[in-house]
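> Dropping in target12.cif, with mmCIF, C-alpha atoms.
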```cif
data_model
loop_
_atom_site.label_atom_id
_atom_site.label_comp_id
_atom_site.auth_asym_id
_atom_site.auth_seq_id
_atom_site.Cartn_x
_atom_site.Cartn_y
_atom_site.Cartn_z
CA MET X 1 3.76 111.21 149.35
CA THR X 2 2.80 113.67 146.62
CA TRP X 3 -0.37 114.45 144.78
CA PHE X 4 -0.85 114.88 141.05
CA ALA X 5 -1.35 118.62 140.99
CA SER X 6 -1.33 121.32 138.39
CA PRO X 7 0.87 124.39 139.01
CA CYS X 8 -1.67 126.66 137.36
CA PRO X 9 -3.45 129.15 139.67
CA ALA X 10 -7.03 128.58 140.76
CA ARG X 11 -9.59 129.81 138.23
CA ARG X 12 -12.41 132.18 139.07
CA PRO X 13 -15.47 129.98 139.77
CA ARG X 14 -18.36 130.07 137.31
CA VAL X 15 -21.65 130.50 139.13
CA PRO X 16 -24.32 128.13 137.76
CA ARG X 17 -27.15 129.90 135.94
CA GLN X 18 -29.72 128.43 138.37
CA LEU X 19 -28.09 130.31 141.25
CA ILE X 20 -28.31 133.58 139.36
CA TRP X 21 -32.03 133.06 138.70
CA LEU X 22 -32.76 132.12 142.32
CA THR X 23 -30.84 135.14 143.59
CA ALA X 24 -32.91 137.34 141.31
CA LEU X 25 -36.09 135.69 142.63
CA LEU X 26 -35.06 136.42 146.22
CA ALA X 27 -34.40 140.06 145.36
CA ALA X 28 -37.80 140.37 143.66
CA LEU X 29 -39.70 138.77 146.53
CA ALA X 30 -37.92 140.54 149.39
CA PRO X 31 -40.12 143.70 149.42
CA ALA X 32 -43.29 141.60 149.65
CA LEU X 33 -41.88 139.29 152.28
CA ALA X 34 -40.37 141.89 154.59
CA PRO X 35 -43.54 143.06 156.39
CA ALA X 36 -44.42 139.65 157.90
CA ALA X 37 -42.18 137.64 160.20
CA GLY X 38 -44.44 134.57 159.94
CA ASP X 39 -46.55 132.56 162.37
CA LYS X 40 -44.26 129.70 163.45
CA LEU X 41 -42.71 129.51 166.91
CA LEU X 42 -39.13 130.65 167.51
CA LEU X 43 -36.47 128.20 166.22
CA THR X 44 -39.07 125.74 164.81
CA GLY X 45 -37.87 126.52 161.27
CA GLY X 46 -34.38 125.37 162.19
CA VAL X 47 -31.29 127.26 161.08
CA SER X 48 -29.39 127.29 157.78
CA SER X 49 -27.37 124.10 157.35
CA ILE X 50 -23.93 123.92 155.80
CA ASP X 51 -25.63 122.93 152.52
CA GLY X 52 -28.14 125.81 152.62
CA ALA X 53 -31.28 123.85 153.54
CA ALA X 54 -33.18 124.54 156.76
CA GLY X 55 -32.33 122.22 159.65
CA GLY X 56 -29.30 121.87 161.90
CA GLY X 57 -25.79 123.01 161.09
CA LEU X 58 -24.72 119.75 159.39
CA THR X 59 -27.94 118.13 158.24
CA PRO X 60 -31.38 119.14 156.84
CA TRP X 61 -34.63 118.67 158.75
CA ALA X 62 -38.20 118.17 157.53
CA VAL X 63 -38.96 121.87 158.06
CA THR X 64 -38.85 124.86 155.75
CA GLY X 65 -36.72 127.92 156.40
CA SER X 66 -38.09 131.19 157.81
CA TYR X 67 -41.22 131.51 159.98
CA ALA X 68 -43.68 131.41 157.09
CA SER X 69 -46.60 129.06 157.77
CA SER X 70 -49.56 127.90 155.68
CA GLY X 71 -50.36 130.30 152.85
CA GLN X 72 -47.30 132.50 153.52
CA TRP X 73 -44.01 133.25 151.78
CA GLY X 74 -40.76 133.58 153.70
CA ALA X 75 -37.05 134.01 153.03
CA THR X 76 -33.76 133.66 154.88
CA ALA X 77 -30.15 134.64 154.24
CA PHE X 78 -27.14 133.35 156.15
CA SER X 79 -23.40 133.57 156.58
CA THR X 80 -21.34 130.76 158.13
CA THR X 81 -17.68 130.40 159.12
CA VAL X 82 -15.98 127.15 160.15
CA VAL X 83 -12.37 127.28 161.39
CA THR X 84 -10.31 124.15 162.19
CA GLN X 85 -6.58 123.61 162.82
CA ASP X 86 -5.63 123.60 159.12
CA HIS X 87 -8.64 124.85 157.16
CA ARG X 88 -11.24 127.60 156.96
CA LEU X 89 -14.68 127.49 155.32
CA GLN X 90 -16.60 130.65 154.46
CA GLU X 91 -20.15 130.26 153.23
CA ALA X 92 -23.14 132.40 152.34
CA GLY X 93 -26.56 131.56 151.01
CA ALA X 94 -30.28 132.19 150.96
CA ALA X 95 -33.58 130.32 150.81
CA VAL X 96 -37.21 130.96 149.87
CA ALA X 97 -40.08 129.05 151.52
CA TRP X 98 -43.73 128.86 150.47
CA ASN X 99 -46.77 127.54 152.32
CA ASP X 100 -44.55 125.79 154.90
CA ARG X 101 -44.18 123.05 152.26
CA LEU X 102 -41.69 124.08 149.58
CA GLU X 103 -38.17 125.41 150.04
CA LEU X 104 -35.64 126.56 147.44
CA SER X 105 -32.13 127.22 148.69
CA LEU X 106 -28.69 128.16 147.45
CA ALA X 107 -25.28 128.20 149.10
CA GLN X 108 -21.79 129.17 147.95
CA GLN X 109 -18.88 127.59 149.84
CA ASP X 110 -15.29 128.88 149.79
CA PHE X 111 -12.85 126.43 151.39
CA ASP X 112 -9.37 127.78 152.15
CA THR X 113 -6.98 124.80 152.20
CA GLY X 114 -4.33 126.81 154.05
CA ALA X 115 -1.14 124.89 154.82
CA THR X 116 -2.55 121.78 153.12
CA GLY X 117 -2.60 123.54 149.75
CA THR X 118 0.97 124.71 150.28
CA ALA X 119 2.08 121.15 151.18
CA LEU X 120 0.46 119.94 147.94
CA GLY X 121 2.43 122.47 145.90
CA LEU X 122 -0.65 124.67 145.48
CA PRO X 123 -0.25 127.68 147.80
CA GLY X 124 -3.42 129.72 148.12
CA LEU X 125 -5.60 126.84 146.88
CA ARG X 126 -9.32 127.43 147.44
CA LEU X 127 -12.10 124.98 146.70
CA ARG X 128 -15.41 126.58 145.78
CA GLN X 129 -18.73 124.76 145.68
CA ALA X 130 -22.17 126.01 144.65
CA ILE X 131 -25.20 124.10 145.99
CA LEU X 132 -28.74 124.51 144.68
CA GLY X 133 -31.39 122.76 146.79
CA VAL X 134 -35.11 122.03 146.73
CA LYS X 135 -37.11 120.48 149.57
CA TRP X 136 -40.76 119.39 149.77
CA ARG X 137 -42.52 118.54 153.03
CA PHE X 138 -45.05 116.00 151.86
CA ALA X 139 -46.51 114.67 155.12
CA GLY X 140 -46.89 115.55 158.78
CA ASP X 141 -46.25 118.81 160.60
CA ALA X 142 -43.61 119.22 163.29
CA ILE X 143 -45.80 121.58 165.36
CA LEU X 144 -49.40 120.52 164.62
CA ASP X 145 -48.53 116.82 165.00
CA SER X 146 -46.43 117.29 168.14
CA ASP X 147 -49.00 115.32 170.19
CA ARG X 148 -49.04 112.39 167.74
CA LEU X 149 -46.51 109.75 166.71
CA MET X 150 -46.53 111.05 163.14
CA PRO X 151 -43.32 112.99 162.28
CA ALA X 152 -42.95 115.63 159.62
CA LEU X 153 -41.56 114.06 156.42
CA ALA X 154 -39.72 115.84 153.61
CA VAL X 155 -37.74 114.89 150.53
CA GLY X 156 -34.96 117.01 149.11
CA LEU X 157 -32.46 117.30 146.27
CA GLN X 158 -29.17 119.19 146.23
CA ALA X 159 -27.35 119.82 142.93
CA ARG X 160 -23.64 120.59 143.47
CA HIS X 161 -20.93 122.12 141.31
CA LEU X 162 -17.29 122.19 142.41
CA ASP X 163 -14.56 124.51 141.16
CA ALA X 164 -11.40 122.72 142.32
CA GLY X 165 -8.89 125.14 140.76
CA GLY X 166 -5.41 123.62 140.52
CA LEU X 167 -6.62 120.46 142.28
CA ALA X 168 -8.87 119.50 139.35
CA PRO X 169 -6.24 117.26 137.64
CA THR X 170 -5.75 115.38 140.93
CA LEU X 171 -9.46 114.74 141.32
CA ALA X 172 -9.66 113.57 137.70
CA ALA X 173 -6.80 111.14 138.31
CA LEU X 174 -8.70 109.80 141.33
CA GLY X 175 -11.85 109.32 139.25
CA ALA X 176 -13.80 112.01 141.11
CA ARG X 177 -16.26 114.15 139.17
CA ARG X 178 -16.79 117.86 139.78
CA GLN X 179 -20.59 117.75 139.72
CA GLY X 180 -22.99 115.68 141.76
CA VAL X 181 -26.53 115.41 143.11
CA ASP X 182 -27.62 114.36 146.60
CA VAL X 183 -31.14 113.08 147.31
CA TYR X 184 -32.44 112.75 150.87
CA ILE X 185 -35.49 112.10 153.01
CA SER X 186 -35.86 113.61 156.48
CA ALA X 187 -38.18 112.80 159.39
CA THR X 188 -38.54 115.38 162.17
CA LYS X 189 -40.41 114.86 165.44
CA LEU X 190 -41.01 117.77 167.83
CA LEU X 191 -42.06 116.97 171.41
CA LEU X 192 -43.42 120.29 172.64
CA GLY X 193 -43.87 119.18 176.26
CA PRO X 194 -40.20 118.47 177.06
CA GLY X 195 -39.03 120.80 174.25
CA VAL X 196 -37.12 118.10 172.37
CA LEU X 197 -36.62 117.78 168.61
CA LEU X 198 -35.46 114.56 166.96
CA ASN X 199 -34.45 114.30 163.31
CA GLY X 200 -33.27 111.48 161.10
CA THR X 201 -32.12 111.97 157.51
CA LEU X 202 -31.16 109.31 154.97
CA ARG X 203 -29.02 110.70 152.15
CA ALA X 204 -28.14 109.08 148.82
CA THR X 205 -24.79 110.61 147.87
CA ARG X 206 -21.46 110.23 146.08
CA ALA X 207 -19.92 113.37 147.60
CA ASN X 208 -16.38 113.29 148.98
CA GLN X 209 -16.00 115.58 152.01
CA ASN X 210 -19.46 116.99 151.27
CA GLY X 211 -18.42 117.62 147.65
CA LEU X 212 -15.28 119.65 148.35
CA LEU X 213 -13.15 116.77 146.97
CA GLY X 214 -15.52 115.91 144.13
CA PHE X 215 -17.96 113.06 143.71
CA GLY X 216 -17.24 109.35 143.56
CA GLY X 217 -13.92 107.78 142.72
CA SER X 218 -12.25 105.18 140.53
CA GLY X 219 -14.57 102.17 140.45
CA LYS X 220 -16.93 103.83 142.96
CA THR X 221 -19.71 105.46 140.98
CA ALA X 222 -22.74 104.06 142.82
CA TYR X 223 -24.74 106.09 145.29
CA LYS X 224 -24.42 105.20 148.97
CA LEU X 225 -27.10 105.65 151.62
CA MET X 226 -25.75 107.66 154.54
CA PRO X 227 -27.69 108.26 157.80
CA GLU X 228 -27.67 111.59 159.64
CA LEU X 229 -29.06 112.28 163.13
CA SER X 230 -29.94 115.43 165.10
CA LEU X 231 -31.08 116.02 168.67
CA ALA X 232 -32.07 119.45 169.97
CA TRP X 233 -33.38 120.55 173.36
CA LEU X 234 -35.20 123.85 173.80
CA LEU X 235 -33.88 125.32 177.05
CA ARG X 236 -36.26 128.28 176.70
CA ARG X 237 -38.31 129.64 173.82
CA ASP X 238 -35.32 131.47 172.28
CA LEU X 239 -32.43 129.13 173.16
CA ALA X 240 -31.66 125.57 172.09
CA VAL X 241 -28.73 123.18 172.48
CA GLY X 242 -28.09 119.94 170.66
CA ALA X 243 -25.82 117.59 168.78
CA GLU X 244 -25.58 116.14 165.27
CA TRP X 245 -23.88 113.24 163.53
CA ARG X 246 -23.45 112.70 159.79
CA ARG X 247 -22.17 109.54 158.13
CA LYS X 248 -19.80 109.95 155.15
CA PRO X 249 -19.28 107.59 152.15
CA ASP X 250 -15.42 107.43 152.10
CA ASN X 251 -15.26 106.94 148.31
CA LEU X 252 -11.56 107.86 147.93
CA ASN X 253 -10.27 105.25 150.39
CA PRO X 254 -8.32 103.32 149.31
CA SER X 255 -7.03 105.12 146.22
CA ILE X 256 -3.75 105.60 144.37
CA LEU X 257 -2.71 107.42 147.56
CA GLY X 258 -3.45 104.40 149.74
CA ALA X 259 -5.41 105.53 152.81
CA GLY X 260 -4.25 109.13 152.37
CA LEU X 261 -7.78 110.35 151.61
CA ARG X 262 -9.66 108.46 154.32
CA GLU X 263 -12.92 110.18 155.20
CA ASP X 264 -14.53 110.12 158.65
CA ASP X 265 -17.98 111.00 159.91
CA TRP X 266 -18.85 114.58 160.88
CA ALA X 267 -20.31 115.64 164.24
CA ASP X 268 -21.08 118.78 166.19
CA VAL X 269 -22.40 120.10 169.50
CA PHE X 270 -24.29 123.38 169.06
CA ILE X 271 -26.18 126.18 170.75
CA ALA X 272 -28.71 128.31 168.83
CA TRP X 273 -30.12 131.63 170.03
CA ALA X 274 -32.98 133.54 168.39
CA PRO X 275 -33.51 136.94 170.07
CA SER X 276 -36.29 137.58 167.54
CA LYS X 277 -37.87 136.05 164.45
CA ARG X 278 -35.60 138.21 162.34
CA VAL X 279 -32.21 136.97 163.58
CA SER X 280 -30.69 133.75 164.91
CA VAL X 281 -27.11 132.91 165.84
CA THR X 282 -25.69 129.38 165.99
CA ALA X 283 -22.33 128.47 167.53
CA ALA X 284 -20.88 124.97 167.59
CA TRP X 285 -17.87 122.79 168.16
CA VAL X 286 -17.35 120.60 165.09
CA ASP X 287 -15.36 117.44 164.39
CA LEU X 288 -14.76 116.92 160.66
CA GLY X 289 -12.23 114.11 160.95
CA PRO X 290 -8.88 114.03 159.09
CA ILE X 291 -9.86 115.75 155.85
CA VAL X 292 -6.52 115.04 154.08
CA PRO X 293 -4.72 112.63 156.41
CA ALA X 294 -1.86 112.08 153.96
CA VAL X 295 -0.82 115.71 154.60
CA HIS X 296 -2.29 116.49 158.04
CA PRO X 297 -3.15 113.27 159.93
CA ARG X 298 -4.77 115.04 162.87
CA ARG X 299 -8.54 115.35 163.17
CA GLN X 300 -9.93 118.68 162.06
CA THR X 301 -11.90 120.09 165.00
CA GLY X 302 -12.81 123.67 165.65
CA ALA X 303 -15.42 126.42 165.81
CA TYR X 304 -18.59 126.94 163.78
CA LEU X 305 -20.47 130.25 163.75
CA SER X 306 -23.54 131.04 161.64
CA VAL X 307 -25.82 134.07 161.52
CA GLN X 308 -29.22 133.87 159.84
CA VAL X 309 -31.59 136.72 158.96
CA ALA X 310 -35.23 135.89 158.23
CA LEU X 311 -37.78 137.94 156.30
#
```
Is it possible to express this structure as structure tokens?

Amino acid sequence: MTWFASPCPARRPRVPRQLIWLTALLAALAPALAPAAGDKLLLTGGVSSIDGAAGGGLTPWAVTGSYASSGQWGATAFSTTVVTQDHRLQEAGAAVAWNDRLELSLAQQDFDTGATGTALGLPGLRLRQAILGVKWRFAGDAILDSDRLMPALAVGLQARHLDAGGLAPTLAALGARRQGVDVYISATKLLLGPGVLLNGTLRATRANQNGLLGFGGSGKTAYKLMPELSLAWLLRRDLAVGAEWRRKPDNLNPSILGAGLREDDWADVFIAWAPSKRVSVTAAWVDLGPIVPAVHPRRQTGAYLSVQVAL
């Protein structure tokens, strides 16, 4: 089974103008932010997710990044690597938080298709995605409301731009667009007594493999509501373990390739360590399902490592 692919080499990705402006904003704010680590407890701001927003590794939470609380500014920067049997994802990003309410984030993903690209006739194929996010916590507080039933609630938007290189003609033939927007709402409940955090996110999306294979497909242009769940347990003040699950829309199945682009849910089991408010490290085992089963039918499982620095 072959794909419709272009022999031309991958183009250098064009960074959206919004990302340039947000990067400049981070650079301008950094000197003012650096003196204060913030007032929140360790790990209560989450870590940097794979999309750049604060939360778990795979899904956003109703918290803002950094340890900035009411009336404070904060910022974070992160680097993440995910390695599975056939693929490798490198990612970097940053976020700015204000007043423990508003968060602006950016992330740049670089997905090395490895042997899959070679099998498709595109050796060295890399998929690059830029994600610009905004999140607003509009009700509740994960810490202050920990003794009440009320969870923290936040809404978010993530604008995505994909540079698919030589795979672009294939995605066009499948009816997948190279730009998309996700909208989500998250509810986060922190139980301080047992040290347990619960999060549920409902995402409206058209993204295929989180946007790395475009957005939507032939005859599938409507948004789908996808649930995402997180559970974390604070073993001690600087160490947490947990698990996540993320539902995926499976827009490209079936397609002109039959079931060759079937998309499965994502899941992980993680451990997060924060030796200080400046640094946190998250390691995980991830299951991303068979990303391109027509070429590599096995499930893509492997290691996830992310380092975050907070100002």
> Given the file above and the PyMOL selection byres ((chain X and resi 59) around 8), which residues are selected, and can you give them as a PyMOL selection string?
chain X and resi 49-51+55-58+60-61+201+228-230+244+246
> What's the 7 Å shell around Arg247 in chain X, counting all atoms listed in the file, without same-chain residues fewer than 3 positions away, as a ChimeraX atom specification?
/X:226-228,265-266
> Just say which residues the PyMOL selection byres ((chain X and resi 310) around 6) picks in this file, as number ranges by chain.
X: 66, 75-76, 278, 309, 311
> On this structure, the PyMOL selection byres ((chain X and resi 113) around 12) would catch which residues? List them as a PyMOL selection string, sorted by chain and number.
chain X and resi 83-90+110-112+114-128+164-167+212-213+291-292+295-296+300
> Name the residues, using the chain letters and numbers of the file, that sit within 7 Å of (-17.2, 120.4, 166.8) when counting only C-alpha atoms, and give them as a list of chain:residue names.
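The answer, in the requested form, is X:Ala267, X:Asp268, X:Val269, X:Ala284, X:Trp285, X:Val286, X:Asp287, X:Thr301, X:Gly302, X:Ala303.
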> Using CA of Gly65 in chain X and CA of Asn208 in chain X as the two end points, give the distance in Å to one decimal.
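Answer for the CA of Gly65 in chain X to CA of Asn208 in chain X separation: 26.1 Å.
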> For the atom pair CA of Arg262 in chain X and CA of Lys220 in chain X, what is the interatomic distance in Å to one decimal place?
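About the pair CA of Arg262 in chain X and CA of Lys220 in chain X: they are 14.3 Å apart.
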